[in-house]
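Dumped structure-v7.txt below, it's compact mmCIF, C-alpha atoms:
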# COMPACT_ATOMS: atom_id res chain seq x y z
CA MET U 1 -60.65 -6.47 -155.52
CA ARG U 2 -56.95 -7.20 -155.87
CA ASP U 3 -56.00 -3.50 -155.58
CA PHE U 4 -58.14 -3.17 -152.44
CA ILE U 5 -56.36 -6.10 -150.79
CA VAL U 6 -52.90 -4.83 -151.76
CA ASN U 7 -53.64 -1.26 -150.60
CA HIS U 8 -55.22 -2.18 -147.26
CA TYR U 9 -53.48 -5.35 -146.03
CA PRO U 10 -49.80 -6.07 -145.28
CA LEU U 11 -48.52 -8.86 -147.49
CA ASP U 12 -45.28 -10.78 -147.73
CA PRO U 13 -43.22 -10.22 -150.90
CA GLY U 14 -44.11 -12.82 -153.52
CA ARG U 15 -47.56 -13.50 -152.12
CA VAL U 16 -50.00 -14.53 -154.90
CA ILE U 17 -53.28 -12.59 -154.89
CA LEU U 18 -55.90 -13.51 -157.49
CA GLY U 19 -53.35 -15.15 -159.74
CA HIS U 20 -50.67 -12.44 -159.59
CA ALA U 21 -47.66 -12.22 -157.23
CA VAL U 22 -47.15 -9.09 -155.14
CA HIS U 23 -43.44 -8.31 -155.39
CA ARG U 24 -43.61 -4.91 -153.67
CA PRO U 25 -46.17 -4.76 -150.84
CA ARG U 26 -47.77 -1.37 -150.27
CA ARG U 27 -48.26 -1.90 -146.55
CA ILE U 28 -45.79 -3.20 -143.95
CA SER U 29 -47.01 -4.82 -140.75
CA LEU U 30 -45.62 -3.65 -137.41
CA SER U 31 -44.35 -7.15 -136.75
CA GLU U 32 -42.39 -7.06 -140.02
CA ALA U 33 -40.97 -3.62 -139.12
CA SER U 34 -40.04 -4.99 -135.70
CA ARG U 35 -38.29 -7.96 -137.30
CA ARG U 36 -36.30 -5.81 -139.75
CA LEU U 37 -35.09 -3.36 -137.11
CA ARG U 38 -34.71 -6.02 -134.38
CA ILE U 39 -36.73 -4.04 -131.86
CA ARG U 40 -39.94 -4.78 -130.01
CA GLN U 41 -43.27 -3.98 -131.61
CA VAL U 42 -44.19 -1.73 -128.70
CA ARG U 43 -41.15 0.40 -129.44
CA VAL U 44 -42.08 0.56 -133.13
CA ARG U 45 -45.31 2.26 -132.09
CA SER U 46 -43.40 4.60 -129.77
CA LEU U 47 -40.98 5.58 -132.54
CA CYS U 48 -43.84 6.13 -134.96
CA ALA U 49 -45.44 8.51 -132.47
CA ALA U 50 -42.12 10.37 -132.06
CA ALA U 51 -41.77 10.63 -135.86
CA GLY U 52 -45.31 11.96 -136.22
CA ILE U 53 -46.63 8.86 -137.99
CA VAL U 54 -50.17 7.91 -137.02
CA VAL U 55 -50.79 4.17 -136.54
CA ARG U 56 -54.41 3.17 -136.12
CA GLU U 57 -55.20 0.70 -133.38
CA ASP U 58 -57.39 -1.40 -135.67
CA ARG U 59 -54.73 -1.52 -138.40
CA ALA U 60 -51.29 -2.60 -137.14
CA SER U 61 -49.48 -1.72 -140.35
CA LEU U 62 -47.73 1.14 -142.10
CA GLY U 63 -48.11 2.43 -145.60
CA GLU U 64 -45.13 2.29 -147.93
CA GLY U 65 -44.52 6.03 -147.62
CA ASP U 66 -44.96 6.02 -143.84
CA PHE U 67 -42.54 3.11 -143.53
CA GLN U 68 -39.88 4.98 -145.51
CA ASP U 69 -40.39 8.04 -143.28
CA PHE U 70 -40.09 5.74 -140.27
CA LEU U 71 -36.79 4.28 -141.52
CA GLU U 72 -35.49 7.78 -142.27
CA TYR U 73 -36.33 8.96 -138.74
CA VAL U 74 -34.68 5.96 -137.08
CA GLY U 75 -31.63 6.36 -139.33
CA ARG U 76 -30.96 9.84 -137.94
CA PHE U 77 -29.82 8.40 -134.62
CA ALA U 78 -26.66 6.46 -133.78
CA THR U 79 -26.35 3.86 -131.05
CA TYR U 80 -23.69 4.01 -128.36
CA LYS U 81 -21.50 1.40 -130.08
CA GLU U 82 -21.84 3.10 -133.46
CA THR U 83 -20.90 6.45 -131.95
CA ILE U 84 -17.70 5.40 -130.15
CA SER U 85 -16.68 3.28 -133.16
CA TYR U 86 -17.09 6.21 -135.55
CA ILE U 87 -15.31 8.68 -133.26
CA GLY U 88 -12.61 6.20 -132.29
CA CYS U 89 -12.52 6.41 -128.49
CA GLY U 90 -13.04 4.18 -125.49
CA PRO U 91 -15.86 4.27 -122.93
CA SER U 92 -13.92 6.32 -120.34
CA LEU U 93 -12.91 9.00 -122.84
CA TRP U 94 -16.42 9.03 -124.24
CA LEU U 95 -17.87 9.79 -120.80
CA ARG U 96 -15.40 12.66 -120.43
CA LEU U 97 -16.46 14.12 -123.80
CA ARG U 98 -20.08 13.97 -122.72
CA GLU U 99 -19.34 15.61 -119.36
CA VAL U 100 -17.88 18.69 -121.02
CA CYS U 101 -20.74 18.73 -123.55
CA LEU U 102 -18.55 18.45 -126.64
CA ILE U 103 -21.28 16.19 -127.98
CA SER U 104 -24.77 15.87 -126.55
CA GLN U 105 -27.74 13.58 -126.92
CA SER U 106 -31.10 14.35 -128.51
CA LYS U 107 -34.54 12.99 -127.76
CA MET U 108 -35.34 10.00 -129.98
CA GLU U 109 -38.58 8.95 -128.32
CA LYS U 110 -40.22 9.24 -124.93
CA GLY U 111 -37.70 8.05 -122.34
CA THR U 112 -34.91 7.46 -124.88
CA ARG U 113 -32.09 9.78 -125.90
CA ARG U 114 -29.60 9.03 -128.66
CA PHE U 115 -26.90 10.83 -130.61
CA LEU U 116 -27.74 12.35 -133.96
CA TRP U 117 -25.51 11.21 -136.81
CA SER U 118 -25.22 14.85 -137.89
CA ASP U 119 -23.73 15.75 -134.48
CA VAL U 120 -21.39 12.74 -134.52
CA ARG U 121 -20.09 13.59 -138.00
CA GLY U 122 -19.85 17.25 -137.07
CA PHE U 123 -17.70 16.32 -134.09
CA THR U 124 -15.04 14.71 -136.32
CA LYS U 125 -15.43 17.25 -139.15
CA PRO U 126 -12.43 19.38 -138.03
CA THR U 127 -10.28 16.24 -138.26
CA GLU U 128 -11.48 15.30 -141.74
CA ASP U 129 -10.62 18.71 -143.18
CA LEU U 130 -6.99 18.66 -141.98
CA PRO U 131 -4.13 17.93 -144.40
CA LEU U 132 -2.62 14.45 -144.40
CA SER U 133 0.84 13.98 -142.94
CA ARG U 134 3.05 11.52 -141.09
CA GLU U 135 4.48 11.72 -137.60
CA THR U 136 7.80 13.57 -137.59
CA ALA U 137 10.19 15.02 -135.04
CA ARG U 138 8.09 18.20 -135.00
CA LEU U 139 4.60 16.75 -135.44
CA ARG U 140 3.69 14.40 -132.63
CA SER U 141 0.67 12.17 -132.27
CA PHE U 142 -2.40 13.19 -130.33
CA TRP U 143 -1.68 10.94 -127.36
CA LYS U 144 2.04 11.76 -127.19
CA THR U 145 1.26 15.49 -127.17
CA CYS U 146 -1.25 15.12 -124.33
CA SER U 147 1.21 13.02 -122.32
CA GLN U 148 4.17 15.33 -122.93
CA LEU U 149 2.31 18.53 -122.00
CA ASN U 150 0.19 17.03 -119.23
CA CYS U 151 -2.96 18.16 -121.07
CA THR U 152 -6.29 16.40 -121.30
CA VAL U 153 -7.68 15.14 -124.58
CA VAL U 154 -10.59 17.55 -124.22
CA ASP U 155 -8.30 20.58 -123.82
CA VAL U 156 -6.31 19.81 -126.96
CA TYR U 157 -9.32 18.96 -129.10
CA GLU U 158 -11.12 22.15 -128.06
CA MET U 159 -8.09 24.13 -129.29
CA ILE U 160 -8.22 22.35 -132.64
CA GLN U 161 -11.98 22.87 -132.97
CA SER U 162 -11.47 26.58 -132.31
CA GLY U 163 -8.85 26.79 -135.07
CA LEU U 164 -6.06 27.82 -132.69
CA VAL U 165 -3.61 25.09 -133.74
CA MET U 166 -2.13 26.05 -137.11
CA THR U 167 0.19 23.02 -137.36
CA ALA U 168 -2.57 20.44 -136.90
CA ALA U 169 -2.62 17.60 -139.43
CA ARG U 170 -4.13 14.14 -139.76
CA SER U 171 -2.34 10.84 -140.12
CA PHE U 172 -3.24 8.37 -142.85
CA GLY U 173 -6.06 5.99 -141.98
CA PRO U 174 -9.49 6.38 -140.35
CA THR U 175 -10.74 9.90 -139.68
CA HIS U 176 -10.80 9.39 -135.93
CA PHE U 177 -10.19 12.49 -133.87
CA THR U 178 -7.31 10.66 -132.18
CA ALA U 179 -5.50 10.47 -135.55
CA LEU U 180 -4.43 14.09 -135.12
CA LEU U 181 -0.84 15.30 -135.45
CA MET U 182 0.37 18.58 -133.97
CA ASP U 183 3.38 20.51 -132.74
CA PRO U 184 3.58 20.25 -128.92
CA LYS U 185 5.40 23.58 -128.74
CA GLU U 186 2.42 25.36 -130.30
CA ILE U 187 0.02 23.68 -127.88
CA ARG U 188 2.21 24.71 -124.94
CA ASP U 189 2.12 28.37 -125.99
CA HIS U 190 -1.68 28.50 -125.86
CA PRO U 191 -3.39 29.15 -122.51
CA VAL U 192 -5.39 26.37 -120.97
CA PRO U 193 -9.10 26.63 -121.89
CA GLY U 194 -11.24 27.49 -118.92
CA THR U 195 -8.50 29.02 -116.81
CA PRO U 196 -9.81 28.96 -113.22
CA ARG U 197 -10.96 32.25 -111.73
CA ASP U 198 -11.72 30.78 -108.35
CA PRO U 199 -9.14 31.03 -105.54
CA HIS U 200 -6.70 28.20 -105.14
CA LEU U 201 -7.26 26.01 -102.08
CA THR U 202 -4.06 27.25 -100.47
CA GLU U 203 -5.10 30.86 -101.04
CA ALA U 204 -8.54 30.20 -99.54
CA ALA U 205 -6.93 28.51 -96.53
CA ILE U 206 -4.71 31.56 -95.99
CA LYS U 207 -7.71 33.88 -96.11
CA LEU U 208 -9.92 31.72 -93.90
CA ARG U 209 -7.01 30.89 -91.56
CA PRO U 210 -7.67 27.13 -91.27
CA ASP U 211 -5.61 24.38 -92.89
CA GLY U 212 -6.28 22.44 -96.07
CA TYR U 213 -7.72 19.54 -94.10
CA THR U 214 -10.43 21.84 -92.76
CA ILE U 215 -11.22 23.09 -96.27
CA HIS U 216 -11.75 19.52 -97.48
CA TYR U 217 -13.88 18.80 -94.39
CA LEU U 218 -16.09 21.82 -95.13
CA ALA U 219 -16.44 20.73 -98.76
CA LYS U 220 -17.34 17.18 -97.75
CA HIS U 221 -20.15 18.43 -95.50
CA GLY U 222 -21.53 20.91 -98.04
CA PHE U 223 -20.23 24.19 -96.59
CA LEU U 224 -17.88 24.83 -99.53
CA LYS U 225 -17.58 23.65 -103.11
CA ILE U 226 -14.17 22.59 -104.36
CA ARG U 227 -13.16 21.16 -107.70
CA LYS U 228 -10.04 20.16 -109.53
CA LEU U 229 -8.96 22.38 -112.40
CA ARG U 230 -5.86 22.63 -114.51
CA HIS U 231 -3.39 25.33 -113.53
CA PRO U 232 -2.84 27.78 -116.43
CA SER U 233 0.96 27.68 -116.33
CA SER U 234 2.01 24.32 -114.88
CA ARG U 235 -1.01 22.48 -116.37
CA ASN U 236 -1.16 20.33 -113.27
CA MET U 237 -4.49 19.52 -111.66
CA ARG U 238 -5.05 21.55 -108.49
CA TRP U 239 -7.87 22.10 -106.04
CA TYR U 240 -9.85 25.35 -106.35
CA VAL U 241 -12.60 26.69 -104.09
CA ASP U 242 -15.75 28.04 -105.69
CA ARG U 243 -15.75 31.79 -105.07
CA HIS U 244 -19.52 32.03 -104.67
CA SER U 245 -19.65 29.26 -102.06
CA LEU U 246 -16.72 30.87 -100.23
CA GLU U 247 -18.53 34.21 -100.03
CA GLN U 248 -21.67 32.49 -98.76
CA PHE U 249 -19.65 30.67 -96.11
CA LEU U 250 -17.98 33.88 -94.94
CA ALA U 251 -21.35 35.61 -94.71
CA LYS U 252 -22.57 33.03 -92.15
CA HIS U 253 -19.45 31.77 -90.39
CA ILE U 254 -16.24 33.02 -88.87
CA THR U 255 -13.06 31.10 -88.09
CA ILE U 256 -10.78 31.46 -85.11
CA GLY U 257 -8.05 32.55 -87.46
CA LEU U 258 -10.12 35.51 -88.66
CA LEU U 259 -10.79 36.57 -85.08
CA ALA U 260 -7.09 36.33 -84.28
CA LYS U 261 -6.31 38.43 -87.35
CA ALA U 262 -8.83 41.03 -86.25
CA LEU U 263 -7.33 41.12 -82.76
CA ASN U 264 -3.76 41.11 -84.02
CA THR U 265 -2.99 38.21 -81.73
CA VAL U 266 -2.51 34.48 -81.70
CA ALA U 267 -5.44 32.08 -82.05
CA GLY U 268 -5.31 30.88 -78.45
CA LEU U 269 -6.56 34.14 -76.90
CA PRO U 270 -9.84 34.31 -78.92
CA VAL U 271 -10.47 30.64 -78.12
CA ASN U 272 -10.10 31.27 -74.37
CA HIS U 273 -12.26 34.35 -74.59
CA LEU U 274 -15.04 32.51 -76.43
CA ASN U 275 -14.87 29.63 -73.97
CA LYS U 276 -15.30 32.01 -71.03
CA MET U 277 -18.36 33.52 -72.72
CA GLN U 278 -19.67 29.98 -73.42
CA ILE U 279 -19.94 30.59 -77.16
CA GLU U 280 -19.89 27.13 -78.69
CA PRO U 281 -18.59 26.53 -82.22
CA VAL U 282 -21.06 25.40 -84.87
CA ILE U 283 -18.41 23.27 -86.58
CA ALA U 284 -15.99 21.35 -84.41
CA ALA U 285 -14.36 18.00 -85.09
CA PHE U 286 -11.07 16.21 -84.67
CA ARG U 287 -8.23 18.05 -86.47
CA ILE U 288 -10.73 20.68 -87.66
CA SER U 289 -10.28 24.37 -86.90
CA ARG U 290 -13.11 25.74 -84.79
CA ILE U 291 -15.74 27.68 -86.74
CA HIS U 292 -18.40 29.85 -85.11
CA ASP U 293 -21.68 31.35 -86.21
CA ARG U 294 -21.00 34.87 -87.43
CA ASP U 295 -24.28 36.31 -86.14
CA VAL U 296 -23.66 34.93 -82.65
CA VAL U 297 -20.13 36.30 -82.53
CA GLN U 298 -21.35 39.62 -83.91
CA ALA U 299 -24.06 39.91 -81.24
CA ARG U 300 -21.81 38.93 -78.33
CA LEU U 301 -18.66 40.76 -79.37
CA ALA U 302 -20.10 43.80 -81.17
CA VAL U 303 -18.63 42.82 -84.53
CA PRO U 304 -19.69 44.96 -87.53
CA SER U 305 -22.23 43.42 -89.92
CA ASP U 306 -19.81 43.13 -92.85
CA PHE U 307 -17.26 41.21 -90.80
CA GLY U 308 -15.91 38.17 -92.59
CA ALA U 309 -18.05 38.67 -95.68
CA ARG U 310 -15.17 39.77 -97.91
CA PHE U 311 -11.65 38.67 -98.71
CA LEU U 312 -10.25 41.76 -97.01
CA TRP U 313 -10.92 42.33 -93.36
CA PRO U 314 -9.99 45.93 -92.28
CA LEU U 315 -10.74 45.34 -88.62
CA ALA U 316 -9.62 47.63 -85.82
CA SER U 317 -9.32 46.98 -82.10
CA GLU U 318 -12.13 49.37 -81.25
CA PHE U 319 -14.63 46.86 -82.66
CA PHE U 320 -14.21 44.92 -79.41
CA SER U 321 -15.22 46.64 -76.17
CA ASP U 322 -13.69 44.22 -73.68
CA GLY U 323 -10.10 45.37 -74.07
CA LEU U 324 -8.93 41.98 -75.29
CA ALA U 325 -7.44 43.29 -78.50
CA ARG U 326 -3.81 44.22 -78.52
CA LYS U 327 -2.60 47.56 -79.72
CA PRO U 328 -0.99 47.59 -83.15
CA PRO U 329 2.83 47.41 -83.13
CA LEU U 330 4.69 50.68 -83.12
CA ASP U 331 6.27 51.87 -86.31
CA THR U 332 9.98 52.29 -85.47
CA ARG U 333 11.06 53.17 -89.00
CA ARG U 334 11.62 56.90 -88.35
Could you express the structure from this file as structure tokens?
Amino acid sequence: MRDFIVNHYPLDPGRVILGHAVHRPRRISLSEASRRLRIRQVRVRSLCAAAGIVVREDRASLGEGDFQDFLEYVGRFATYKETISYIGCGPSLWLRLREVCLISQSKMEKGTRRFLWSDVRGFTKPTEDLPLSRETARLRSFWKTCSQLNCTVVDVYEMIQSGLVMTAARSFGPTHFTALLMDPKEIRDHPVPGTPRDPHLTEAAIKLRPDGYTIHYLAKHGFLKIRKLRHPSSRNMRWYVDRHSLEQFLAKHITIGLLAKALNTVAGLPVNHLNKMQIEPVIAAFRISRIHDRDVVQARLAVPSDFGARFLWPLASEFFSDGLARKPPLDTRR
């Protein structure tokens, strides 16, 4: 009888059953598990389901083996405070690390994502394996190097994770990734990770023939995508235009500057010509260069189908049948 009670009912340690105290209960109630972990009982059931532990509705308790498996599953995950304390960074830097996916979350239970301790320890593993040293005239601290070279923390740490920094060392103390020491000269000689391949905003403005204000206006209203990236040589943050969005924009729209380039004339003449033909711009605002629908301009002015869809526009005056285009300048170098 005593073994049946001990094996099937959750008991408190020290409880006397039939004259003998139970020092090690064989079943743990869900309320006791909730009290030990300081979480709600509903979440205990949810975590048990995520860990693959079956809890019967008529028996709100866990066996000793199931409870150990439950504790092992919960122990795999680190809370937000535990993670930033172990890594040694603040909330703003932590958000930046998550944005670039240097460390990602895993599913803990339905509707909850946490960080695995294995991923957190793996993130700081490159720092733990470095030799110990002190800050010298050649080896500078992590923060001083980033400030001196105008680099982000993410850029420098990605170089160290990739094994590109041969002079990297670790200062005495906690194994935080910010305890790194390195030679700024070596960091400067390495190219910036993720060197932008998209055109610079100034370059895109030259090709589209509006100004930078118009580019930002188009990006604000969803016609273009722009983002700030670090320049490979100066390491300063600059605006770049997404090449794919620029090609899509050129396939549907045409600027007055492109028409003027095609006509080898100033922008005022195409504007007057379009006004006389009552061709209204699709994008027009204060301080914004006029932008027209490419299909409309193509249909009214006999523009070839590939007009404005590339970065190079080899347009000739015969594309326009109204005689508006000027003749190309004479070559006098003979």
As an exercise, work out the distance from atom CA of U:Tyr157 to atom CA of U:Val241 in Å and give it to one decimal place. 26.4 Å
Can you pull out the residues contacting stretch 35-39 of chain U? Cut-off 12 Å, using all atoms listed in the file, and skip same-chain residues under 4 positions away; I want them as number ranges by chain. U: 28-31, 43-47, 67, 70-71, 74-75
Students should find that atom CA of U:Asp155 and atom CA of U:Pro91 are spaced 18.0 Å
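Going from atom CA of U:Ala267 to atom CA of U:Arg227 covers 28.9 Å.
With all atoms listed in the file taken into account, every residue lying no more than 9 Å from the file point (-9.1, 8.6, -129.5) is included here: Ile87, Gly88, Cys89, Gly90, Leu93, Phe142, Trp143, Val153, His176, Phe177, Thr178 and Ala179 of chain U.
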Fill-in result for stretch 276-306 of chain U, N, CA and C atoms as an mmCIF file, in the frame of the given file:
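selection23.cif was written with the following content:
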data_model
loop_
_atom_site.group_PDB
_atom_site.id
_atom_site.type_symbol
_atom_site.label_atom_id
_atom_site.label_comp_id
_atom_site.auth_asym_id
_atom_site.auth_seq_id
_atom_site.Cartn_x
_atom_site.Cartn_y
_atom_site.Cartn_z
ATOM 1 N N LYS U 276 -14.814 31.354 -72.243
ATOM 2 C CA LYS U 276 -15.300 32.010 -71.030
ATOM 3 C C LYS U 276 -16.716 32.548 -71.223
ATOM 4 N N MET U 277 -17.020 33.000 -72.435
ATOM 5 C CA MET U 277 -18.360 33.520 -72.720
ATOM 6 C C MET U 277 -19.334 32.403 -73.098
ATOM 7 N N GLN U 278 -18.854 31.151 -73.100
ATOM 8 C CA GLN U 278 -19.670 29.980 -73.420
ATOM 9 C C GLN U 278 -20.312 30.091 -74.807
ATOM 10 N N ILE U 279 -19.519 30.548 -75.753
ATOM 11 C CA ILE U 279 -19.940 30.590 -77.160
ATOM 12 C C ILE U 279 -19.410 29.339 -77.841
ATOM 13 N N GLU U 280 -20.294 28.412 -78.127
ATOM 14 C CA GLU U 280 -19.890 27.130 -78.690
ATOM 15 C C GLU U 280 -19.719 27.242 -80.211
ATOM 16 N N PRO U 281 -18.759 26.529 -80.759
ATOM 17 C CA PRO U 281 -18.590 26.530 -82.220
ATOM 18 C C PRO U 281 -19.698 25.734 -82.904
ATOM 19 N N VAL U 282 -20.049 26.137 -84.104
ATOM 20 C CA VAL U 282 -21.060 25.400 -84.870
ATOM 21 C C VAL U 282 -20.423 24.251 -85.642
ATOM 22 N N ILE U 283 -19.132 24.338 -85.896
ATOM 23 C CA ILE U 283 -18.410 23.270 -86.580
ATOM 24 C C ILE U 283 -17.175 22.960 -85.755
ATOM 25 N N ALA U 284 -17.129 21.766 -85.224
ATOM 26 C CA ALA U 284 -15.990 21.350 -84.410
ATOM 27 C C ALA U 284 -15.836 19.847 -84.555
ATOM 28 N N ALA U 285 -14.652 19.424 -84.930
ATOM 29 C CA ALA U 285 -14.360 18.000 -85.090
ATOM 30 C C ALA U 285 -12.869 17.795 -84.895
ATOM 31 N N PHE U 286 -12.469 16.547 -84.866
ATOM 32 C CA PHE U 286 -11.070 16.210 -84.670
ATOM 33 C C PHE U 286 -10.238 16.739 -85.833
ATOM 34 N N ARG U 287 -9.163 17.462 -85.498
ATOM 35 C CA ARG U 287 -8.230 18.050 -86.470
ATOM 36 C C ARG U 287 -8.870 19.165 -87.301
ATOM 37 N N ILE U 288 -10.046 19.638 -86.912
ATOM 38 C CA ILE U 288 -10.730 20.680 -87.660
ATOM 39 C C ILE U 288 -10.666 21.984 -86.868
ATOM 40 N N SER U 289 -10.303 23.061 -87.540
ATOM 41 C CA SER U 289 -10.280 24.370 -86.900
ATOM 42 C C SER U 289 -11.696 24.767 -86.475
ATOM 43 N N ARG U 290 -11.805 25.367 -85.311
ATOM 44 C CA ARG U 290 -13.110 25.740 -84.790
ATOM 45 C C ARG U 290 -13.714 26.852 -85.635
ATOM 46 N N ILE U 291 -15.017 26.707 -85.929
ATOM 47 C CA ILE U 291 -15.740 27.680 -86.740
ATOM 48 C C ILE U 291 -17.013 28.048 -85.998
ATOM 49 N N HIS U 292 -17.261 29.356 -85.877
ATOM 50 C CA HIS U 292 -18.400 29.850 -85.110
ATOM 51 C C HIS U 292 -19.420 30.508 -86.039
ATOM 52 N N ASP U 293 -20.622 30.641 -85.500
ATOM 53 C CA ASP U 293 -21.680 31.350 -86.210
ATOM 54 C C ASP U 293 -21.381 32.845 -86.195
ATOM 55 N N ARG U 294 -21.382 33.456 -87.341
ATOM 56 C CA ARG U 294 -21.000 34.870 -87.430
ATOM 57 C C ARG U 294 -21.984 35.771 -86.701
ATOM 58 N N ASP U 295 -23.290 35.464 -86.804
ATOM 59 C CA ASP U 295 -24.280 36.310 -86.140
ATOM 60 C C ASP U 295 -24.138 36.254 -84.627
ATOM 61 N N VAL U 296 -23.832 35.060 -84.097
ATOM 62 C CA VAL U 296 -23.660 34.930 -82.650
ATOM 63 C C VAL U 296 -22.448 35.715 -82.183
ATOM 64 N N VAL U 297 -21.342 35.570 -82.898
ATOM 65 C CA VAL U 297 -20.130 36.300 -82.530
ATOM 66 C C VAL U 297 -20.356 37.798 -82.667
ATOM 67 N N GLN U 298 -21.078 38.199 -83.705
ATOM 68 C CA GLN U 298 -21.350 39.620 -83.910
ATOM 69 C C GLN U 298 -22.189 40.186 -82.767
ATOM 70 N N ALA U 299 -23.193 39.419 -82.317
ATOM 71 C CA ALA U 299 -24.060 39.910 -81.240
ATOM 72 C C ALA U 299 -23.344 39.957 -79.898
ATOM 73 N N ARG U 300 -22.470 39.003 -79.630
ATOM 74 C CA ARG U 300 -21.810 38.930 -78.330
ATOM 75 C C ARG U 300 -20.573 39.801 -78.256
ATOM 76 N N LEU U 301 -19.915 40.016 -79.392
ATOM 77 C CA LEU U 301 -18.660 40.760 -79.370
ATOM 78 C C LEU U 301 -18.729 42.086 -80.107
ATOM 79 N N ALA U 302 -19.926 42.511 -80.485
ATOM 80 C CA ALA U 302 -20.100 43.800 -81.170
ATOM 81 C C ALA U 302 -19.263 43.876 -82.432
ATOM 82 N N VAL U 303 -19.358 42.854 -83.259
ATOM 83 C CA VAL U 303 -18.630 42.820 -84.530
ATOM 84 C C VAL U 303 -19.482 43.501 -85.589
ATOM 85 N N PRO U 304 -18.909 44.302 -86.481
ATOM 86 C CA PRO U 304 -19.690 44.960 -87.530
ATOM 87 C C PRO U 304 -20.339 43.939 -88.463
ATOM 88 N N SER U 305 -21.423 44.344 -89.125
ATOM 89 C CA SER U 305 -22.230 43.420 -89.920
ATOM 90 C C SER U 305 -21.481 42.867 -91.122
ATOM 91 N N ASP U 306 -20.516 43.611 -91.664
ATOM 92 C CA ASP U 306 -19.810 43.130 -92.850
ATOM 93 C C ASP U 306 -18.570 42.321 -92.497
#
